[in-house]
$ cat input06.cif   # mmCIF, C-alpha atoms
data_protein
loop_
_atom_site.label_atom_id
_atom_site.label_comp_id
_atom_site.auth_asym_id
_atom_site.auth_seq_id
_atom_site.Cartn_x
_atom_site.Cartn_y
_atom_site.Cartn_z
CA MET A 1022 124.49 26.28 -152.17
CA THR A 1023 125.92 27.40 -155.51
CA GLN A 1024 127.39 30.84 -156.19
CA GLY A 1025 124.27 31.66 -158.28
CA ASP A 1026 122.00 30.69 -155.37
CA ALA A 1027 124.01 32.86 -152.98
CA GLY A 1028 123.80 35.78 -155.40
CA LEU A 1029 120.04 35.42 -155.75
CA GLU A 1030 119.56 35.12 -152.01
CA SER A 1031 121.66 38.25 -151.48
CA LEU A 1032 119.60 40.06 -154.12
CA VAL A 1033 116.35 39.06 -152.39
CA ARG A 1034 117.70 40.18 -149.00
CA ASN A 1035 118.65 43.57 -150.48
CA ARG A 1036 115.21 43.92 -152.06
CA ILE A 1037 113.47 43.13 -148.77
CA ARG A 1038 115.59 45.66 -146.90
CA GLY A 1039 115.24 48.26 -149.67
CA LEU A 1040 111.45 47.95 -149.73
CA ARG A 1041 111.28 48.09 -145.94
CA VAL A 1042 113.37 51.26 -145.87
CA SER A 1043 111.39 52.84 -148.74
CA HIS A 1044 108.19 52.26 -146.74
CA GLY A 1045 109.86 53.97 -143.79
CA TRP A 1046 109.36 50.88 -141.62
CA SER A 1047 111.58 49.72 -138.80
CA LEU A 1048 112.59 46.08 -138.49
CA GLU A 1049 109.92 45.70 -135.83
CA GLU A 1050 107.16 47.13 -138.02
CA LEU A 1051 107.88 44.87 -141.01
CA ALA A 1052 108.41 41.88 -138.71
CA THR A 1053 104.97 42.44 -137.17
CA ARG A 1054 103.34 42.79 -140.60
CA ALA A 1055 105.06 39.59 -141.80
CA ASN A 1056 104.37 37.66 -138.59
CA LEU A 1057 108.07 37.30 -137.75
CA SER A 1058 110.20 38.37 -134.82
CA ALA A 1059 112.37 41.44 -135.34
CA SER A 1060 115.48 39.40 -134.56
CA THR A 1061 114.56 36.82 -137.23
CA LEU A 1062 113.99 39.57 -139.79
CA SER A 1063 117.31 41.17 -138.85
CA ARG A 1064 119.13 37.87 -139.33
CA ILE A 1065 117.37 37.35 -142.69
CA GLU A 1066 118.35 40.83 -143.92
CA THR A 1067 121.99 40.43 -142.82
CA GLY A 1068 122.39 36.91 -144.21
CA GLN A 1069 122.80 35.23 -140.84
CA ARG A 1070 119.66 33.17 -141.51
CA ARG A 1071 118.48 31.45 -144.68
CA LEU A 1072 115.17 32.51 -146.13
CA ALA A 1073 112.40 29.94 -145.81
CA LEU A 1074 109.59 29.87 -148.38
CA ASP A 1075 106.88 30.60 -145.78
CA GLN A 1076 108.87 33.62 -144.56
CA LEU A 1077 109.36 34.85 -148.13
CA VAL A 1078 105.62 34.61 -148.84
CA GLY A 1079 104.78 36.55 -145.65
CA LEU A 1080 107.40 39.20 -146.37
CA ALA A 1081 106.21 39.63 -149.96
CA ARG A 1082 102.61 40.14 -148.79
CA ALA A 1083 103.64 42.56 -146.07
CA LEU A 1084 105.73 44.57 -148.57
CA GLY A 1085 102.91 44.70 -151.14
CA THR A 1086 104.72 42.62 -153.74
CA THR A 1087 104.91 39.01 -154.92
CA VAL A 1088 107.46 36.28 -154.38
CA ASP A 1089 108.08 36.30 -158.15
CA GLN A 1090 109.03 39.98 -158.04
CA LEU A 1091 111.30 39.46 -155.03
CA VAL A 1092 113.21 36.63 -156.71
CA GLU A 1093 113.32 38.04 -160.27
CA ALA A 1094 116.91 37.73 -161.48
CA ALA A 1095 118.68 41.06 -161.89
CA PRO A 1096 119.85 41.79 -165.40
CA ASP A 1097 123.59 42.03 -165.95
CA ASP A 1098 123.11 44.41 -168.88
CA VAL A 1099 121.84 47.50 -167.06
CA VAL A 1100 123.56 50.07 -169.29
CA ILE A 1101 122.21 50.16 -172.84
CA SER A 1102 124.01 51.93 -175.66
CA PRO A 1103 122.02 53.56 -178.46
CA VAL A 1104 121.54 52.12 -181.92
CA ILE A 1105 122.21 54.69 -184.64
CA ASP A 1106 119.56 54.72 -187.37
CA ARG A 1107 121.32 56.81 -190.01
CA SER A 1108 118.46 56.56 -192.51
CA HIS A 1109 116.17 58.46 -190.12
CA GLY A 1110 118.85 60.39 -188.21
CA TRP A 1111 117.70 58.86 -184.91
CA LEU A 1112 119.30 57.42 -181.84
CA ARG A 1113 117.03 54.71 -180.50
CA TRP A 1114 117.06 52.43 -177.51
CA GLN A 1115 115.31 49.11 -177.03
CA VAL A 1116 112.77 49.47 -174.21
CA ARG A 1117 111.11 46.44 -172.66
CA ALA A 1118 108.03 47.83 -170.97
CA ASP A 1119 104.24 47.73 -170.94
CA PRO A 1120 101.94 50.47 -172.27
CA GLY A 1121 100.83 53.05 -169.73
CA MET A 1122 104.29 54.43 -169.05
CA THR A 1123 105.12 57.95 -167.84
CA VAL A 1124 107.98 59.98 -169.30
CA VAL A 1125 109.74 62.52 -167.06
CA ARG A 1126 112.57 64.93 -167.85
CA GLN A 1127 114.82 65.72 -164.87
CA ARG A 1128 117.69 68.11 -164.29
CA LEU A 1129 120.13 66.55 -161.82
CA THR A 1130 122.52 68.80 -159.92
CA GLU A 1131 123.57 66.73 -156.90
CA PRO A 1132 125.44 63.41 -156.69
CA PRO A 1133 123.28 60.35 -155.93
CA ALA A 1134 122.79 58.95 -152.45
CA ALA A 1135 125.44 56.26 -152.02
CA ASN A 1136 123.93 55.05 -148.75
CA PRO A 1137 121.40 52.24 -149.44
CA ALA A 1138 119.25 53.52 -146.57
CA ARG A 1139 118.64 56.72 -148.60
CA MET A 1140 117.90 54.94 -151.89
CA HIS A 1141 114.47 54.22 -153.36
CA ALA A 1142 113.15 50.68 -153.79
CA HIS A 1143 109.63 49.94 -155.00
CA LEU A 1144 107.67 47.91 -157.51
CA GLY A 1145 108.14 48.47 -161.23
CA ARG A 1146 110.78 49.12 -163.88
CA GLU A 1147 112.51 52.33 -164.91
CA TRP A 1148 114.26 53.27 -168.11
CA LEU A 1149 116.30 56.44 -168.52
CA VAL A 1150 118.45 58.16 -171.10
CA VAL A 1151 120.97 60.91 -170.40
CA ILE A 1152 120.18 63.92 -172.59
CA SER A 1153 123.19 65.98 -171.49
CA GLY A 1154 126.00 65.77 -168.96
CA THR A 1155 127.00 62.67 -167.01
CA ALA A 1156 124.65 60.91 -164.60
CA ILE A 1157 125.54 58.41 -161.91
CA LEU A 1158 123.11 55.55 -161.26
CA MET A 1159 123.51 53.65 -157.99
CA LEU A 1160 121.92 50.18 -157.85
CA GLY A 1161 122.61 48.88 -154.37
CA GLN A 1162 126.40 49.03 -154.05
CA ARG A 1163 126.98 49.07 -157.83
CA ARG A 1164 127.79 52.41 -159.50
CA TYR A 1165 127.09 53.07 -163.19
CA ARG A 1166 128.40 56.13 -165.03
CA LEU A 1167 126.04 57.15 -167.84
CA GLU A 1168 127.16 59.71 -170.39
CA THR A 1169 125.11 61.66 -172.93
CA ASN A 1170 123.04 59.32 -175.14
CA GLN A 1171 123.56 56.29 -172.90
CA ALA A 1172 120.56 54.61 -171.34
CA ALA A 1173 119.81 52.23 -168.48
CA GLU A 1174 116.90 49.96 -167.66
CA PHE A 1175 116.47 48.27 -164.29
CA PRO A 1176 113.89 46.75 -161.93
CA THR A 1177 113.04 49.28 -159.23
CA MET A 1178 113.00 46.55 -156.58
CA LEU A 1179 116.75 47.16 -156.46
CA PRO A 1180 117.60 50.04 -154.10
CA HIS A 1181 118.52 52.87 -156.47
CA ALA A 1182 119.49 56.53 -156.64
CA LEU A 1183 120.31 58.87 -159.51
CA GLY A 1184 122.39 62.03 -159.57
CA ALA A 1185 124.87 64.11 -161.54
CA GLU A 1186 128.60 63.41 -161.63
CA ARG A 1187 130.07 66.94 -161.38
CA ALA A 1188 128.06 69.37 -163.51
CA PRO A 1189 124.30 69.27 -164.02
CA ALA A 1190 122.89 66.44 -166.13
CA GLU A 1191 119.53 66.18 -167.87
CA VAL A 1192 117.82 62.82 -167.92
CA LEU A 1193 114.69 61.56 -169.60
CA GLY A 1194 113.08 58.86 -167.44
CA ILE A 1195 110.37 56.42 -168.44
CA PHE A 1196 108.45 54.70 -165.64
CA ASP A 1197 105.95 51.88 -165.85
CA ARG A 1198 102.79 52.30 -163.75
CA ALA A 1199 104.19 50.67 -160.64
CA ALA A 1200 107.47 52.61 -160.79
CA ARG A 1201 105.64 55.93 -161.21
CA ARG A 1202 103.57 55.18 -158.11
CA GLY A 1203 106.84 54.46 -156.30
CA HIS A 1204 108.04 57.95 -157.24
CA GLY A 1205 104.63 59.54 -156.55
CA ASN A 1206 106.17 62.33 -154.49
CA ASP A 1207 108.80 63.17 -157.13
CA LYS A 1208 107.87 66.11 -159.33
CA PRO A 1209 109.04 66.23 -162.94
CA ALA A 1210 111.40 69.10 -163.77
#
$ encode --input "input06.cif" --output "structure tokens"
Amino acid sequence: MTQGDAGLESLVRNRIRGLRVSHGWSLEELATRANLSASTLSRIETGQRRLALDQLVGLARALGTTVDQLVEAAPDDVVISPVIDRSHGWLRWQVRADPGMTVVRQRLTEPPAANPARMHAHLGREWLVVISGTAILMLGQRRYRLETNQAAEFPTMLPHALGAERAPAEVLGIFDRAARRGHGNDKPA
């Protein structure tokens, strides 16, 4: 197994666990839905057992996603800096998304959850820009510090949490349809 294969397998394991936790399911509940034993699922999530294709297909179905979405490579360029358009006086950011997006403005006052069990993971993509203050974006165990006018784009299959660094921060978030459904209980500020 190459280092790239190990990284992808670890990413898939984290996505499976993140989606299971976001559904509020125990190991036993997801294992039953995926036609696996709880001990097998536990070993898959912890890396003590390799993922087999038939297991991956069953897990994807049980989690309401596809194998393609589970194995989608994570981008290395999560933080996006603005492009200054002096002729129009704009700051603009490249957004790769489909039509039908929802834009939400949030005021963050608390630090993000650093515990992956308390992070969100769901289908979709999110894009955000910090309007004021400094926000902290947690993607699994990785921590990104985003200052005013910086932006981030990421697949929401990664366990994630967002919060303020010290003082309040205001963030403008853009969600595709699937990501907005994943945050259905969140109310815009």
$ resolve_selection --input "input06.cif" --expression "the PyMOL selection byres ((chain A and resi 1082) around 12)" --output "number ranges by chain"
A: 1037, 1040, 1051-1052, 1054-1056, 1075-1081, 1083-1091
$ write_last_selection --input "input06.cif" --atoms "C-alpha atoms" --output "tab-separated table (two decimals), in the frame of the given file"
chain	number	residue	atom	x	y	z
A	1037	ILE	CA	113.47	43.13	-148.77
A	1040	LEU	CA	111.45	47.95	-149.73
A	1051	LEU	CA	107.88	44.87	-141.01
A	1052	ALA	CA	108.41	41.88	-138.71
A	1054	ARG	CA	103.34	42.79	-140.60
A	1055	ALA	CA	105.06	39.59	-141.80
A	1056	ASN	CA	104.37	37.66	-138.59
A	1075	ASP	CA	106.88	30.60	-145.78
A	1076	GLN	CA	108.87	33.62	-144.56
A	1077	LEU	CA	109.36	34.85	-148.13
A	1078	VAL	CA	105.62	34.61	-148.84
A	1079	GLY	CA	104.78	36.55	-145.65
A	1080	LEU	CA	107.40	39.20	-146.37
A	1081	ALA	CA	106.21	39.63	-149.96
A	1083	ALA	CA	103.64	42.56	-146.07
A	1084	LEU	CA	105.73	44.57	-148.57
A	1085	GLY	CA	102.91	44.70	-151.14
A	1086	THR	CA	104.72	42.62	-153.74
A	1087	THR	CA	104.91	39.01	-154.92
A	1088	VAL	CA	107.46	36.28	-154.38
A	1089	ASP	CA	108.08	36.30	-158.15
A	1090	GLN	CA	109.03	39.98	-158.04
A	1091	LEU	CA	111.30	39.46	-155.03
$ resolve_selection --input "input06.cif" --expression "the PyMOL selection byres ((chain A and resi 1031) around 12)" --output "number ranges by chain"
A: 1024-1030, 1032-1038, 1065-1072, 1091-1092, 1094-1095, 1161, 1179
$ write_last_selection --input "input06.cif" --atoms "C-alpha atoms" --output "PDB file, keeping the file's coordinate frame"
ATOM      1  CA  GLN A1024     127.390  30.840-156.190  1.00  0.00           C
ATOM      2  CA  GLY A1025     124.270  31.660-158.280  1.00  0.00           C
ATOM      3  CA  ASP A1026     122.000  30.690-155.370  1.00  0.00           C
ATOM      4  CA  ALA A1027     124.010  32.860-152.980  1.00  0.00           C
ATOM      5  CA  GLY A1028     123.800  35.780-155.400  1.00  0.00           C
ATOM      6  CA  LEU A1029     120.040  35.420-155.750  1.00  0.00           C
ATOM      7  CA  GLU A1030     119.560  35.120-152.010  1.00  0.00           C
ATOM      8  CA  LEU A1032     119.600  40.060-154.120  1.00  0.00           C
ATOM      9  CA  VAL A1033     116.350  39.060-152.390  1.00  0.00           C
ATOM     10  CA  ARG A1034     117.700  40.180-149.000  1.00  0.00           C
ATOM     11  CA  ASN A1035     118.650  43.570-150.480  1.00  0.00           C
ATOM     12  CA  ARG A1036     115.210  43.920-152.060  1.00  0.00           C
ATOM     13  CA  ILE A1037     113.470  43.130-148.770  1.00  0.00           C
ATOM     14  CA  ARG A1038     115.590  45.660-146.900  1.00  0.00           C
ATOM     15  CA  ILE A1065     117.370  37.350-142.690  1.00  0.00           C
ATOM     16  CA  GLU A1066     118.350  40.830-143.920  1.00  0.00           C
ATOM     17  CA  THR A1067     121.990  40.430-142.820  1.00  0.00           C
ATOM     18  CA  GLY A1068     122.390  36.910-144.210  1.00  0.00           C
ATOM     19  CA  GLN A1069     122.800  35.230-140.840  1.00  0.00           C
ATOM     20  CA  ARG A1070     119.660  33.170-141.510  1.00  0.00           C
ATOM     21  CA  ARG A1071     118.480  31.450-144.680  1.00  0.00           C
ATOM     22  CA  LEU A1072     115.170  32.510-146.130  1.00  0.00           C
ATOM     23  CA  LEU A1091     111.300  39.460-155.030  1.00  0.00           C
ATOM     24  CA  VAL A1092     113.210  36.630-156.710  1.00  0.00           C
ATOM     25  CA  ALA A1094     116.910  37.730-161.480  1.00  0.00           C
ATOM     26  CA  ALA A1095     118.680  41.060-161.890  1.00  0.00           C
ATOM     27  CA  GLY A1161     122.610  48.880-154.370  1.00  0.00           C
ATOM     28  CA  LEU A1179     116.750  47.160-156.460  1.00  0.00           C
TER      29      LEU A1179
END
$ resolve_selection --input "input06.cif" --expression "the PyMOL selection byres ((chain A and resi 1130-1137) around 9)" --output "PyMOL selection string"
chain A and resi 1039+1042+1128-1129+1138-1141+1156-1162+1164+1180-1191
$ atom_distance --input "input06.cif" --atom1 "CA of His1044 in chain A" --atom2 "CA of Arg1126 in chain A"
25.0 Å
$ atom_distance --input "input06.cif" --atom1 "CA of Met1178 in chain A" --atom2 "CA of Glu1049 in chain A"
21.0 Å
$ atom_distance --input "input06.cif" --atom1 "CA of Gln1171 in chain A" --atom2 "CA of Glu1147 in chain A"
14.2 Å
$ residues_around --input "input06.cif" --residues "Trp1148 in chain A" --least-positions-apart "2" --cutoff "6 Å" --atoms "all atoms listed in the file" --output "PyMOL selection string"
chain A and resi 1173-1174+1194-1195
$ closest_residue --input "input06.cif" --among "A:Leu1193, A:Val1124, A:Ala1199, A:Leu1167" --to "Leu1149 in chain A" --atoms "all atoms listed in the file"
A:Leu1193
$ closest_residue --input "input06.cif" --among "A:Leu1074, A:Ala1059, A:Leu1048, A:Ile1152" --to "Ala1172 in chain A" --atoms "only C-alpha atoms"
A:Ile1152
